[in-house]
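Colleague: My structure is stored as final07.cif, with mmCIF, C-alpha atoms.
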```cif
data_protein
#
loop_
_atom_site.label_atom_id
_atom_site.label_comp_id
_atom_site.auth_asym_id
_atom_site.auth_seq_id
_atom_site.Cartn_x
_atom_site.Cartn_y
_atom_site.Cartn_z
CA MET A 1 -137.43 -1.37 44.52
CA THR A 2 -135.95 0.58 41.62
CA ARG A 3 -132.63 -1.28 41.77
CA LYS A 4 -134.49 -4.56 41.75
CA ASN A 5 -136.48 -3.52 38.67
CA ILE A 6 -133.30 -2.36 36.87
CA ALA A 7 -131.54 -5.64 37.68
CA LEU A 8 -134.55 -7.65 36.49
CA ALA A 9 -134.78 -5.62 33.27
CA SER A 10 -131.03 -6.02 32.63
CA LEU A 11 -131.24 -9.75 33.19
CA SER A 12 -134.23 -9.98 30.84
CA VAL A 13 -132.38 -8.06 28.12
CA CYS A 14 -129.32 -10.31 28.51
CA LEU A 15 -131.46 -13.44 28.22
CA ILE A 16 -133.25 -12.11 25.14
CA VAL A 17 -129.92 -11.25 23.47
CA ALA A 18 -128.54 -14.70 24.33
CA VAL A 19 -131.62 -16.43 22.86
CA ILE A 20 -131.41 -14.35 19.68
CA PHE A 21 -127.68 -15.14 19.35
CA LEU A 22 -128.24 -18.89 19.82
CA PHE A 23 -131.14 -18.86 17.35
CA TYR A 24 -128.97 -17.09 14.77
CA GLN A 25 -126.14 -19.61 15.23
CA GLN A 26 -128.56 -22.51 14.75
CA LEU A 27 -129.81 -20.95 11.52
CA GLN A 28 -126.21 -20.64 10.29
CA LEU A 29 -125.50 -24.30 11.07
CA HIS A 30 -128.58 -25.54 9.23
CA GLN A 31 -128.05 -23.57 6.02
CA ASP A 32 -128.03 -25.55 2.81
CA PRO A 33 -124.50 -25.78 1.44
CA LYS A 34 -123.56 -24.24 -1.88
CA VAL A 35 -122.28 -26.80 -4.38
CA TYR A 36 -119.97 -25.87 -7.24
CA SER A 37 -118.97 -28.36 -9.92
CA LEU A 38 -115.87 -27.56 -11.96
CA THR A 39 -114.18 -28.98 -15.02
CA VAL A 40 -110.89 -27.38 -16.03
CA GLU A 41 -109.51 -28.03 -19.50
CA THR A 42 -106.13 -27.07 -20.96
CA ALA A 43 -104.52 -28.02 -24.26
CA ASP A 44 -103.05 -31.18 -22.68
CA LEU A 45 -105.14 -32.09 -19.63
CA ARG A 46 -108.70 -32.07 -18.35
CA ILE A 47 -109.46 -32.03 -14.59
CA LYS A 48 -113.01 -33.30 -14.53
CA ASP A 49 -115.77 -33.37 -11.90
CA ILE A 50 -114.19 -31.35 -9.10
CA GLU A 51 -117.06 -30.77 -6.71
CA VAL A 52 -116.65 -28.09 -4.05
CA VAL A 53 -119.25 -27.99 -1.26
CA VAL A 54 -119.20 -24.74 0.72
CA TYR A 55 -120.64 -24.48 4.23
CA PRO A 56 -120.51 -21.24 6.27
CA ASN A 57 -117.28 -22.25 8.05
CA SER A 58 -115.79 -25.02 5.93
CA VAL A 59 -115.21 -26.30 2.41
CA TYR A 60 -115.35 -29.94 1.26
CA VAL A 61 -113.58 -30.99 -1.94
CA SER A 62 -114.63 -34.21 -3.68
CA ASP A 63 -112.62 -36.70 -5.69
CA HIS A 64 -111.96 -35.87 -9.33
CA ASP A 65 -110.59 -37.30 -12.57
CA LEU A 66 -107.51 -36.23 -14.48
CA GLU A 67 -107.64 -37.00 -18.20
CA VAL A 68 -105.12 -36.51 -20.98
CA ILE A 69 -106.35 -34.73 -24.12
CA GLY A 70 -104.90 -35.94 -27.39
CA GLU A 71 -102.70 -38.87 -28.35
CA ASP A 72 -99.13 -39.86 -27.54
CA LYS A 73 -98.49 -37.22 -24.88
CA GLN A 74 -95.78 -37.74 -22.28
CA PHE A 75 -95.47 -35.89 -18.98
CA ASP A 76 -92.55 -35.50 -16.58
CA GLY A 77 -95.01 -34.65 -13.84
CA VAL A 78 -98.28 -32.91 -13.14
CA ALA A 79 -99.01 -30.36 -10.41
CA TYR A 80 -102.12 -28.25 -9.88
CA SER A 81 -104.00 -26.46 -7.11
CA VAL A 82 -107.34 -24.76 -6.52
CA SER A 83 -107.75 -21.72 -4.24
CA ILE A 84 -110.93 -19.98 -3.11
CA GLY A 85 -110.56 -16.50 -1.69
CA GLY A 86 -106.84 -17.01 -1.13
CA ASN A 87 -107.40 -20.28 0.78
CA MET A 88 -105.92 -23.40 -0.81
CA VAL A 89 -108.65 -26.07 -1.03
CA LEU A 90 -106.96 -28.57 -3.34
CA SER A 91 -103.35 -29.29 -4.16
CA ASN A 92 -102.16 -32.31 -6.08
CA SER A 93 -98.89 -33.29 -7.70
CA GLN A 94 -97.47 -36.35 -9.39
CA ALA A 95 -93.73 -36.64 -10.07
CA ASP A 96 -93.99 -39.13 -12.96
CA ASP A 97 -96.34 -39.35 -15.91
CA PRO A 98 -99.63 -40.19 -14.15
CA PHE A 99 -101.04 -41.82 -17.29
CA THR A 100 -98.37 -44.52 -17.43
CA LEU A 101 -98.86 -45.62 -13.80
CA PRO A 102 -100.43 -49.03 -13.12
CA ASP A 103 -103.66 -47.49 -11.76
CA ALA A 104 -104.21 -45.28 -14.84
CA LEU A 105 -106.93 -46.51 -17.19
CA GLN A 106 -107.09 -45.40 -20.85
CA GLY A 107 -105.74 -41.90 -20.31
CA LYS A 108 -107.71 -41.31 -17.10
CA LEU A 109 -106.59 -41.23 -13.50
CA HIS A 110 -108.92 -40.91 -10.54
CA TYR A 111 -107.53 -38.76 -7.73
CA THR A 112 -109.02 -39.17 -4.30
CA THR A 113 -108.83 -36.38 -1.75
CA THR A 114 -110.47 -38.32 1.06
CA GLY A 115 -107.27 -39.07 2.98
CA ASP A 116 -107.41 -40.98 6.25
CA HIS A 117 -110.50 -39.32 7.70
CA GLY A 118 -113.00 -39.99 4.93
CA LYS A 119 -113.28 -36.39 3.79
CA ASN A 120 -111.14 -33.41 2.92
CA VAL A 121 -112.45 -30.43 4.90
CA ILE A 122 -110.82 -27.04 5.03
CA ARG A 123 -111.92 -24.79 7.90
CA LEU A 124 -112.24 -21.12 6.97
#
```
Can the structure from this file be put into structure tokens for me?
Modeller:
Amino acid sequence: MTRKNIALASLSVCLIVAVIFLFYQQLQLHQDPKVYSLTVETADLRIKDIEVVVYPNSVYVSDHDLEVIGEDKQFDGVAYSVSIGGNMVLSNSQADDPFTLPDALQGKLHYTTTGDHGKNVIRL
């Protein structure tokens, strides 16, 4: 009888621990994401409206605009990246002057990070 009670108690403890673990994981999945909006400005360029959405296990980076500051500026290329905690979340480069390309409009260029899958997600 004692072995049966010990086995039943052990099974009960295991089930309670499993339920607590599953409940905790569900709470983690349903947390509201943290949203950070960034605008980076240098003497020549402005990277505007970078939105970073942080979930517990992933980061989503939105589209953003690259704008030239000032008049009559020429570029041989533009390269920039954003890292969070040592993890690269955004990297973009353009070999030619992005503001003279056909899709540039009045010193602004819209960069999309959506790619083929509709979103740019980095798993942490």
Colleague: Which value, in Å to one decimal, gives the distance between atom CA of Asp97 of chain A and atom CA of Ala79 of chain A?
Modeller: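 Spanning atom CA of Asp97 of chain A to atom CA of Ala79 of chain A is a straight-line distance of 10.9 Å.
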Colleague: For the file shown, report as a list in words the outcome of the PyMOL selection byres ((chain A and resi 66) around 6) at residue level.
Modeller: Arg46, Ile47, Asp65, Glu67, Lys108 and Leu109 of chain A
Colleague: I'd like the neighbourhood of segment 100-102 of chain A as a PyMOL selection string, where a residue qualifies if any of its atoms comes within 12 Å (using all atoms listed in the file), though same-chain residues fewer than 6 positions away should be ignored.
Modeller: chain A and resi 67-68+72-77+94+108-110
Colleague: Any chance you could export the current selection's C-alpha atoms as a compact mmCIF listing (two decimals), in the frame of the given file?
Modeller:
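Output contents, as saved in result06.txt:
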```txt
# COMPACT_ATOMS: atom_id res chain seq x y z
CA GLU A 67 -107.64 -37.00 -18.20
CA VAL A 68 -105.12 -36.51 -20.98
CA ASP A 72 -99.13 -39.86 -27.54
CA LYS A 73 -98.49 -37.22 -24.88
CA GLN A 74 -95.78 -37.74 -22.28
CA PHE A 75 -95.47 -35.89 -18.98
CA ASP A 76 -92.55 -35.50 -16.58
CA GLY A 77 -95.01 -34.65 -13.84
CA GLN A 94 -97.47 -36.35 -9.39
CA LYS A 108 -107.71 -41.31 -17.10
CA LEU A 109 -106.59 -41.23 -13.50
CA HIS A 110 -108.92 -40.91 -10.54
```
Colleague: Residues of segment 46-110 of chain A within 9 Å of segment 34-40 of chain A: nearest atom pair and distance (Å, one decimal) for each, counting all atoms listed in the file, sorted by chain and number, as CSV?
Modeller:
```
residue,atom,partner,partner_atom,distance
A:Arg46,CA,A:Val40,CA,5.7
A:Ile47,CA,A:Val40,CA,5.1
A:Lys48,CA,A:Thr39,CA,4.5
A:Asp49,CA,A:Thr39,CA,5.6
A:Ile50,CA,A:Leu38,CA,5.0
A:Glu51,CA,A:Ser37,CA,4.4
A:Val52,CA,A:Tyr36,CA,5.1
A:Val53,CA,A:Val35,CA,4.5
A:Val54,CA,A:Lys34,CA,5.1
A:Tyr55,CA,A:Lys34,CA,6.8
```
Colleague: Taking all atoms of segment 74-80 of chain A that appear in the file, build a box with edges along x, y and z, extend it by 3 Å on every side, and state its centre and edge lengths in Å to one decimal, as lines of an AutoDock Vina configuration file.
Modeller:
```
center_x = -97.3
center_y = -33.0
center_z = -16.1
size_x = 15.6
size_y = 15.5
size_z = 18.4
```
Colleague: Check what the PyMOL selection byres ((chain A and resi 83-86) around 12) selects in the file above and give those residues as JSON, numbers by chain.
Modeller: {"A": [36, 52, 53, 54, 58, 59, 60, 61, 80, 81, 82, 87, 88, 89, 90, 91, 122, 124]}
Colleague: What is the atom CA of Gly70 of chain A to atom CA of Gln106 of chain A distance in Å?
Modeller: 11.7 Å
Colleague: So how many Å separate atom CA of Leu11 of chain A and atom CA of Leu29 of chain A, to one decimal?
Modeller: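 The value is 27.1 Å.
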Colleague: Pull out every residue that the PyMOL selection byres ((chain A and resi 44) around 6) matches in the shown coordinates and put them as JSON, numbers by chain.
Modeller: {"A": [42, 43, 45, 68, 69]}
Colleague: Which is closer to Gln28 of chain A than all the others in A:Ala104, A:Ala9, A:Asp63, A:Pro56, using all atoms listed in the file?
Modeller: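 Nearest to Gln28 of chain A: A:Pro56.
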